[in-house]
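**Q** Take this structure, written in structure tokens, and hold onto it; I'll ask about it next.
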Amino acid sequence: MSKTTKEQINLSRIETVTNALQTLDVEVIRTTDSGLGVLLIDFLVQAEATGVALSSDQVISDLKLPAMLKAAGFEVIPSLNQSAGPIEAGRWKTALAKVDVGITSTPVMAAETGSALMLAKYPDDRAVSLLPPWHILLVAEENLVDDIASLMKKWGESSDRRENAVLVTGPSRTADIEKELVLGVHGPGKMTVMIYRSNP
Amino acid sequence: MSSHFNIHDLKKQMKKSVRERPDGVLPYKKSTKKAIAGRDLRASEWDDFEERRDRATQRRQEAIDTLPDLHDQLRERWEERGIVVHEAKDTNEAQQHILKIIRNVKADRILKSKSMLSEEIEINDFLEKNSITPVETDLGEYIVQLRGEHPSHITMPAMHLLREDVGQLFAEKLGVEYTDDPPTLTKIAREALRKEFLAAQVGMCGVNFAVAESGHLATVTNEGNGRMVTSQARVVIALMGWERVTQSLEDLGELWQLLARSATGQRATVYLNLLSGPSPGPTGPDEVHVVIVDNGRKRIHQDPTMREVLRCIRCGACLNVCPVYRQVGGHPYGGVYPGPIGAVLTPALHGTREAPDHAFASSLCGACEDICPVKIPLPKLLLHQRHQKVEDKKNRGFDAEEVIWSTFAKATESGAVFSSFGRAASVLQKVVPGGSVPMPQWQKGRTAPAFPKQSFRQWYEQNKRETGREKDE
Ligand code: SF4
């Protein structure tokens, strides 16, 4: 595939996913990997966030987010040690529930629906994207695919698809009272998706 | 089954409901209308919606036809990943399995995410009797549990309530200040349940689909309680109907989208939780149990006609379009599953003698079949059941009732005969001595209603604009 066609496909996916996410009340931001850290800090300051929980996944550490955010004065919840006991795990969860935002990345997102795959390969991730009231999700442009069928396929490219997983499509919501939409029942009520381009 | 469900008195309950609220139950009208508008929008978005329905119908049927093989596959996967399997042939066995799992970890409280099957096996009452507190965490279920009621809809459990009802309930039961603002009410529930989640020891969830290829137990939720229950508790009990198996993650992806579109007009639900087994890390779960419940499903599986009902993905769309459901709501059906799917499933699961009237709780207008994402021929299955009921009777000897029901069953299969039958009944009633149709068995415990001057069909033709979905869109 030539570089321009590839870029066109990416552009149309970005447009599709942006529309899909906006109908779900998700804020969508585009940036580059080098600009992401600064933009994120700006963004958190504006929202008056002080406590942050980060996933221990590869993308987050490659982007050096933990160090950056600490340096900028945020309270960063350290990820849970794998050998921690239940009491420690309980304390960690309570701390997560008190921070302003949880930040994770996704290995693949379906443009049509705006659904992101979250793997429990890093066991912390499920709680980081679930307990805080605000979820910021980082997606690399090249990890956008057309639809759910392609998402399932891409998942299979890097694993046997036997992990614990969850597909996340927008913020937690309910319509149980007179079918009126309310965001943030048990999961986060606010979600931001940052789509970034990796510069070679 | 011994049960507090009242599935025997459907007709009485329906009449009562109409008498009490002749204009229908207000919240139902509003909510079903919104749900259908959403579904229609999402259906129109896909050019190939019909082809996708056909494909899903076919894949679902293939899964049902090969269920024993798919279960073998699942067993292998679950064994590899350390999921413990318990099989229950009926409610009693399911209850005992669950009690044992909970007692094993000495818990006195369990957190539940939404599961219609858990209603079917009446687990809440049973656990309470055994000094274990079940806590419903889906907002609608939480509301319904606080009221001591059962869900009135498959996907929207509190559909029968207005915001004022919820406001009063929370003020009374939770001691908060009265408000009828849905966001504030939701926040109150969030805070109450958040504490529970963080301390959760045992969680119970339903299973929308078990994926044979990968072994995942897939649970569909919007609120996040399904995720909480399966990732924050130490022990997870997944409650699964025997027929809820799909072949692959690809099939799951397709069914999930059809389910979301048909149920609530979403492209996808917020969460699709895929539980494949215990997690080795400190957050758990340490144990995952799956309880597979038969409760009559294997019997249905043996009837080649009824078997089609096992395709059902519990989207609730057939309830939303049903003129009967929209008029009387969910509770008169008495069982767990209301509306057209309930009319078929209740007698199929419990037997026509337990639920004698369900097969007749339909005008056979066909709207349910038209909207069903997996094309279950609900009207045909209702007729099949009416016929079965007649056959049952035949085996028990001749009586006038049998003749009349069999005539009725035949009549309903032919539009023209059916129309004349309704009008004839109205005349017949006047000429039969005592002003009543001679059906002694059937009349026991029932008052004979006067047949209306107009037949239902005549009435429906005149009124469909006001009651059916024609008016809404
Ligand atoms: S019968 Fe069809 S429409 Fe009704 S709940 Fe089942 S899948 Fe949905």
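In the structure tokens, the first chain shown is A, the next is B, and so on; residue numbers restart at 1 for each chain, and ligands run from 1 in the order shown.
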Using only C-alpha atoms, I'd like every residue of chain A that has an atom within 9 Å of chain B; please write them out as an NGL selection string.
**A** :A and (20 or 80-86 or 88-90 or 93-94 or 97 or 112-115 or 120 or 122-124 or 126-127 or 130-131 or 148-149 or 152-153 or 160-188)
**Q** Where does chain B meet ligand 1 within 8 Å, residue by residue, with the nearest atom pair and distance in Å to one decimal for each, counting only C-alpha atoms and all ligand atoms, listed by chain and rising number, as JSON lines?
**A**
{"residue": "B:Ile154", "atom": "CA", "partner": "ligand 1", "partner_atom_place_in_ligand_line": "5 (S)", "distance": 7.6}
{"residue": "B:Leu259", "atom": "CA", "partner": "ligand 1", "partner_atom_place_in_ligand_line": "8 (Fe)", "distance": 7.6}
{"residue": "B:Ser262", "atom": "CA", "partner": "ligand 1", "partner_atom_place_in_ligand_line": "8 (Fe)", "distance": 7.3}
{"residue": "B:Ala263", "atom": "CA", "partner": "ligand 1", "partner_atom_place_in_ligand_line": "8 (Fe)", "distance": 7.4}
{"residue": "B:Val309", "atom": "CA", "partner": "ligand 1", "partner_atom_place_in_ligand_line": "1 (S)", "distance": 6.9}
{"residue": "B:Arg311", "atom": "CA", "partner": "ligand 1", "partner_atom_place_in_ligand_line": "7 (S)", "distance": 7.0}
{"residue": "B:Cys312", "atom": "CA", "partner": "ligand 1", "partner_atom_place_in_ligand_line": "6 (Fe)", "distance": 3.8}
{"residue": "B:Ile313", "atom": "CA", "partner": "ligand 1", "partner_atom_place_in_ligand_line": "7 (S)", "distance": 4.3}
{"residue": "B:Arg314", "atom": "CA", "partner": "ligand 1", "partner_atom_place_in_ligand_line": "5 (S)", "distance": 3.8}
{"residue": "B:Cys315", "atom": "CA", "partner": "ligand 1", "partner_atom_place_in_ligand_line": "8 (Fe)", "distance": 3.9}
{"residue": "B:Gly316", "atom": "CA", "partner": "ligand 1", "partner_atom_place_in_ligand_line": "5 (S)", "distance": 3.9}
{"residue": "B:Ala317", "atom": "CA", "partner": "ligand 1", "partner_atom_place_in_ligand_line": "3 (S)", "distance": 4.5}
{"residue": "B:Cys318", "atom": "CA", "partner": "ligand 1", "partner_atom_place_in_ligand_line": "3 (S)", "distance": 4.1}
{"residue": "B:Leu319", "atom": "CA", "partner": "ligand 1", "partner_atom_place_in_ligand_line": "4 (Fe)", "distance": 6.6}
{"residue": "B:Pro340", "atom": "CA", "partner": "ligand 1", "partner_atom_place_in_ligand_line": "4 (Fe)", "distance": 6.8}
{"residue": "B:Ile341", "atom": "CA", "partner": "ligand 1", "partner_atom_place_in_ligand_line": "1 (S)", "distance": 4.9}
{"residue": "B:Cys368", "atom": "CA", "partner": "ligand 1", "partner_atom_place_in_ligand_line": "3 (S)", "distance": 6.2}
{"residue": "B:Glu369", "atom": "CA", "partner": "ligand 1", "partner_atom_place_in_ligand_line": "3 (S)", "distance": 7.1}
{"residue": "B:Ile371", "atom": "CA", "partner": "ligand 1", "partner_atom_place_in_ligand_line": "3 (S)", "distance": 6.0}
{"residue": "B:Cys372", "atom": "CA", "partner": "ligand 1", "partner_atom_place_in_ligand_line": "3 (S)", "distance": 3.6}
{"residue": "B:Pro373", "atom": "CA", "partner": "ligand 1", "partner_atom_place_in_ligand_line": "7 (S)", "distance": 5.7}
{"residue": "B:Val374", "atom": "CA", "partner": "ligand 1", "partner_atom_place_in_ligand_line": "7 (S)", "distance": 5.7}
{"residue": "B:Lys375", "atom": "CA", "partner": "ligand 1", "partner_atom_place_in_ligand_line": "2 (Fe)", "distance": 6.4}
{"residue": "B:Ile376", "atom": "CA", "partner": "ligand 1", "partner_atom_place_in_ligand_line": "2 (Fe)", "distance": 5.8}
{"residue": "B:Leu378", "atom": "CA", "partner": "ligand 1", "partner_atom_place_in_ligand_line": "1 (S)", "distance": 7.0}
**Q** So that I can check the surroundings of A:Glu141, please list as a ChimeraX atom specification every protein, DNA and RNA residue that reaches within 8 Å of it, counting only C-alpha atoms and ignoring chain neighbours fewer than 4 positions away.
**A** /A:10,14,195-198
**Q** Going by DSSP on the backbone, which bits of stretch 5-123 of chain B are alpha helix (DSSP H)? Write them as a ChimeraX atom specification, please.
**A** /B:10-20,26-45,49-65,67-81,91-104,116-120,123
**Q** May I have the residues within 9 Å of A:Thr192 as a list in words, using only C-alpha atoms and disregarding those fewer than 4 positions away in the same chain?
**A**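 The filter keeps Val26, Glu27, Val28, Ile29, Trp134, His135, Ile136, Leu137, Leu138 and Gly170 of chain A.
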**Q** Pull N, CA, C and O atoms from the residues just selected and write them as a CSV table (one decimal), in the first residue's frame.
**A**
chain,number,residue,atom,x,y,z
A,26,VAL,N,-18.0,11.5,24.4
A,26,VAL,CA,-16.5,11.4,24.6
A,26,VAL,C,-15.8,12.5,23.9
A,26,VAL,O,-16.1,12.9,22.8
A,27,GLU,N,-14.9,13.1,24.7
A,27,GLU,CA,-14.1,14.2,24.1
A,27,GLU,C,-12.9,13.5,23.3
A,27,GLU,O,-12.3,12.6,23.8
A,28,VAL,N,-12.7,14.0,22.1
A,28,VAL,CA,-11.6,13.4,21.3
A,28,VAL,C,-10.5,14.4,21.0
A,28,VAL,O,-10.8,15.5,20.6
A,29,ILE,N,-9.3,14.0,21.2
A,29,ILE,CA,-8.2,14.9,21.0
A,29,ILE,C,-7.1,14.3,20.1
A,29,ILE,O,-6.8,13.1,20.3
A,134,TRP,N,-12.9,9.5,35.9
A,134,TRP,CA,-12.6,10.0,34.6
A,134,TRP,C,-11.6,9.1,34.0
A,134,TRP,O,-10.6,8.7,34.6
A,135,HIS,N,-11.8,8.6,32.8
A,135,HIS,CA,-10.9,7.7,32.1
A,135,HIS,C,-10.3,8.4,30.8
A,135,HIS,O,-11.1,8.8,30.0
A,136,ILE,N,-9.0,8.5,30.8
A,136,ILE,CA,-8.3,9.0,29.6
A,136,ILE,C,-7.7,7.8,28.9
A,136,ILE,O,-6.9,7.0,29.5
A,137,LEU,N,-8.0,7.6,27.6
A,137,LEU,CA,-7.6,6.5,26.9
A,137,LEU,C,-6.7,6.9,25.7
A,137,LEU,O,-7.1,7.8,24.9
A,138,LEU,N,-5.5,6.3,25.6
A,138,LEU,CA,-4.6,6.7,24.6
A,138,LEU,C,-4.6,5.7,23.5
A,138,LEU,O,-4.5,4.5,23.7
A,170,GLY,N,-17.1,4.1,25.3
A,170,GLY,CA,-17.6,5.3,26.0
A,170,GLY,C,-17.7,5.2,27.5
A,170,GLY,O,-17.3,4.2,28.1
**Q** Out of A:Gly51, A:Gly37, A:Gly156, A:Pro132, which residue has the shortest atom-to-atom distance to A:Ala67 when counting only C-alpha atoms?
**A** A:Gly37
**Q** Would you work out the distance separating atom CA of B:Glu391 from atom CA of B:Gly366, expressed in Å to one decimal?
**A** 24.4 Å
**Q** Taking the DSSP secondary structure from the backbone, can you list the residues of stretch 98-284 of chain B that are strand (DSSP E), as JSON, numbers by chain?
**A** {"B": [109, 110, 111, 112, 133, 134, 135, 136, 202, 203, 204, 205, 206, 209, 210, 211, 217, 218, 219, 220, 221, 235, 236, 237, 238, 239, 240, 241, 245, 246, 271, 272, 273, 274, 275]}
